[in-house]
Amino acid sequence: MLTKRHSVLESSLLELARAEQPTDLLPGETLAHPPALAIPGLDATPRLKGLAAARPEAVMPSDKVTLKLIAATGATDAVVEGLGELGCEVLSKGPQVILANVPPARLIALSELPGLKRAEQARRMQLRLDEARGPVTGADTAHATHPTLRGQGVVVGVVDSGTDWRHDDFRNADGTTRLDMFLHAVNDPSTGSDTFSEFSASDLNAALSAGSSVPDGDPHGHGTHCASIAAGNGRAGGAQFHGLAPQATLMGVRSDTLHDTHIIEGIRRIFDRAGDRPAVVNLSLGGHIGPHDGTAAIENVIQQETGPGRIVVVAAGNEAEDRIHFDGQLIEGQNLDIEFTIRDSLQFLDIWIPRGDEVDISVIDADGVETIPDGSVQQTNAGAFRADLREDQLNRDINLSFAVAASRLGRRWRLRLHAHTVRVGTVHAWGQTDDFAFSRDIFMSQTSSRFSIGMPATEERAISVASFVSRAGILPGDAALPDLAVGQISPFSSHGPARHGAQRPDIAAPGQHIVAALAGGSHMATDARYAARRLPGGQYISIQGTSMATPFVTGVIALMLQQEPGLAPEDIQLRLRATAQRDADTGPVWNVGFGYGKIDVEALLNYPLGV
Amino acid sequence: MVFSTKSARRGPLSAELRDWCEGEETQEARTVVLTLSSHTDVDALNDRLVTLGGAVVSAGPGATVAILPRPALIAASTFPGVVRIEAPVRLAPKNGANIE
């Protein structure tokens with residue numbers, strides 16, 4: 001029975017469903033004048049063309065239709081199971097999007113699947129300007145009014161999973177590379193030691209023309225996407241998906257493991273190789289084990305290595321909803337329990353107690369057994385742990401480092417802090433699992449999105465970037481995902497401030513959803529979970545994250561550095577603050593999600609020079 | 001027995017490296033990150049590390065990355081301006097929310 005509640009089906013699918021069940025109509029519904037199927041990007045397979053042209057009763061559907069199915073959060077497995085029961089063939093699945101072949105006769109039944117939010121036909125993509133550069137940021141307008149600002153003479157460095165130096169978007173019109181340097185950082189797991197192999201533009205050109213040996217640019221794909229947003233020239237897509245600074249000089253650092261040692265050397269190598277040229281480095285990465293006050297080693301490097309013409313831009317992080325941070329207040333004579341859940345076989349908590357506060361600490365395992373730590377590895381029936389207390393020599397706070405290898409996942413442990421003397425009293429803890437994929441829902445109470453910003457985004461000389469929604473659908477032409485609207489903060493975008501109160505992040509930029517270059521042969525190009533996000537042709541992909549917002553800002557800063565090569569981080573922060581768009585989403589002043597507001601590219605490039 | 005902030009140990013070594021330093025094989029080396037205060041003599045530190053049999057991987061203001069055998073690591077922990085010595089940590093790419 002067709003009812004009004006069949007809202008998961010887009011209109012074209014509803015027509016197809018009706019064609020399968022022509023007598024199954026609601027009063028007043030008619031098939032005589034079906035809605036036009038001129039849906040932008042509608043897949044023009046012969047069968048659907050026929051559906052568009054013919055009267056419904058004349059439609060002869062094929063035995064299955066490929067659909068994109070959008071599931072509610074956490075409902076993917078249930079939807080997949082339901083699809084199986086309906087005789088549908090699941091082609092790929094990710095946590096939100098499932099690709100499946102569905103018999104037309106089963107379309108109506110989709111509406112009964114619990115957790116299924118929407119069913120859409122496959123669409124043929126229309127290459128068009130990505131929304132991120134549109135009115136939400138003014139980037140296209142700024143490009144039009146500043147036709148000479150394309151990043152010429154500025155180095156854009158991307159320290160990440162790499163840059164696919166073979167991709168057309170990173171090559172000149174004559175096919176030569178746009179990369180001035182490609183650095184391959186490798187950590188030898190047997191020794192723990194790092195090696196760095198550097199390749200010049202000549203090396204890359206030789207590899208492009210003669211196939212000589214240079215390592216693959218980016219086996220994962222993340223770094224390529226970032227580099228493309230900042231400085232891709234869009235050659236592979238008819239310039240439709242170019243980045244912000246398409247004529248900047250590129251430098252790429254590939255690290256498969258993203259060790260902080262690689263990032264530190266990557267930053268230094270880019271700044272060194274840039275020479276007299278201004279340079280901006282993109283870091284779409286971060287972590288949570290450390291002080292969150294701008295004094296972590298990598299933050300110390302950013303603080304020291306940046307300055308006029310030397311800028312580092314950092315992602316705020318994607319942990320706003322992940323419950324990875326706890327904060328609580330010590331009260332003299334009372335206990336403060338930090339309750340946490342075991343999510344991985346090896347899990348870490350990094351707790352910071354203000355200097356001057358005197359606290360005794362015990363560990364209460366999942367069986368309720370309380371143990372006084374002694375700094376060594378200790379064992380209970382529930383698992384092994386080590387707690388270490390160290391007075392930090394840089395910020396003088398007390399760092400309680402806790403590592404636990406529990407025997408069972410999902411159980412709750414507690415760290416009990418008994419306060420004797422309280423001068424400040426605010427305790428912060430961050431949790432992280434050995435496998436990053438499990439780093440969520442660690443703390444059960446006294447947790448919020450605040451302080452979920454990662455390091456090195458807490459460093460005040462880094463330009464730290466949050467993400468807002470510039471397109472609520474995954475691909476151009478897609479309908480909006482449930483509960484997502486253009487202009488809002490991305491739900492995942494980590495919130496500040498830093499532990500010491502510094503106002504981080506600085507600015508928000510488009511990070512959801514962004515189409516940019518797809519590294520050939522990479523994880524993103526081959527993993528089925530990304531299938532629904534790849535554009536036809538295999539050159540571009542739509543993904544999301546503060547990782548994507550960050551290179552947007554990196555690219556804009558490259559344009560600013562072309563205008564004023566001597567801009568320092570503080571100059572750029574002042575301009576971001578002065579020009580940020582503030583609206584109903586952001587509120588009138590700095591806030592923990594957006595920072596100072598949404599980036600306004602046109603206002604930034606029109607900012608009075610030399611001020 | 002109590003485990004108290006009053007008795008928190010001082011010194012720059014992380015718990016992991018403190019344990020590692022207690023190993024017996026003096027030639028065994030590992031990569032470490034030394035966080036430096038702003039007044040650290042970076043060149044003097046690097047010279048010292050090399051003299052002690054270490055190898056400097058990345059040097060500059062703010063932090064030094066080095067491969068150090070145990071004796072060199074212990075010596076580095078007393079060098080003026082070295083405020084933290086930690087094992088390398090992995091960072092996470094900030095994409096992929098709701099994808100993987």
# chains A, B, ... in the order shown; residues from 1 in each chain; ligands from 1
$ interface_residues --of "chain B" --to "chain A" --cutoff "7 Å" --atoms "only C-alpha atoms" --output "number ranges by chain"
B: 2-6, 8-12, 15, 30-31, 35, 58, 61-63, 65, 67, 83-84, 88-100
$ residues_around --residues "B:Asp47" --least-positions-apart "5" --cutoff "12 Å" --atoms "only C-alpha atoms" --output "list in words"
Asp41, Val42, Leu52, Gly53, Gly54, Ala55, Val56, Ala59, Thr64, Ala66, Ala72, Ala76 and Phe79 of chain B
$ closest_residue --among "B:Leu13, B:Leu68, B:Ala44, B:Leu36" --to "B:Val82" --atoms "only C-alpha atoms"
B:Leu36
$ select_by_dssp --residues "chain B" --states "helix (DSSP H, G or I)" --output "VMD selection string"
chain B and resid 5 to 7 15 to 21 42 to 51 70 to 76
$ residues_around --residues "stretch 172-183 of chain A" --least-positions-apart "4" --cutoff "8 Å" --atoms "only C-alpha atoms" --output "JSON, numbers by chain"
{"A": [165, 166, 168, 196, 197, 198, 199, 200, 201, 204, 205, 208, 249, 250, 251, 252, 253, 254, 266, 273]}
$ atom_distance --atom1 "atom CA of A:Val156" --atom2 "atom CA of A:Ala230"
7.6 Å
$ select_by_dssp --residues "stretch 346-466 of chain A" --states "strand (DSSP E or B)" --output "PyMOL selection string"
chain A and resi 347-353+358-364+370-371+377-380+383-391+398-406+412-421+426-433+443+455+463-466
$ residues_around --residues "A:Pro135" --least-positions-apart "4" --cutoff "12 Å" --atoms "only C-alpha atoms" --output "NGL selection string"
:A and (129-131 or 139-142 or 470-471 or 486-487 or 510 or 581 or 598-602)
$ closest_residue --among "B:Trp20, B:Leu34, B:Met1, B:Ser7" --to "B:Thr78" --atoms "only C-alpha atoms"
B:Leu34
$ residues_around --residues "A:Asp344" --least-positions-apart "4" --cutoff "12 Å" --atoms "only C-alpha atoms" --output "list in words"
Phe340, Phe348, Ala403, Val404, Ala405, Ala406, Ser407, Arg408, Leu409, Gly410, Arg411, Gly431, Gln432, Thr433, Asp434, Asp435, Phe436, Ala437, Phe438, Ser439, Arg440, Asp441 and Ile442 of chain A
$ residues_around --residues "A:His225" --least-positions-apart "2" --cutoff "7 Å" --atoms "only C-alpha atoms" --output "MDAnalysis selection string"
chainID A and resid 221:223 227:229 516:518
$ write_last_selection --atoms "C-alpha atoms" --output "compact mmCIF listing (two decimals), in the first residue's frame"
# COMPACT_ATOMS: atom_id res chain seq x y z
CA GLY A 221 44.32 9.74 -0.46
CA HIS A 222 43.80 12.12 2.43
CA GLY A 223 46.75 14.36 1.70
CA ALA A 227 46.51 19.57 -1.38
CA SER A 228 43.83 19.85 -4.04
CA ILE A 229 41.58 22.04 -1.88
CA ALA A 516 38.59 17.59 -4.48
CA ALA A 517 41.22 15.40 -6.08
CA LEU A 518 41.25 11.65 -5.57
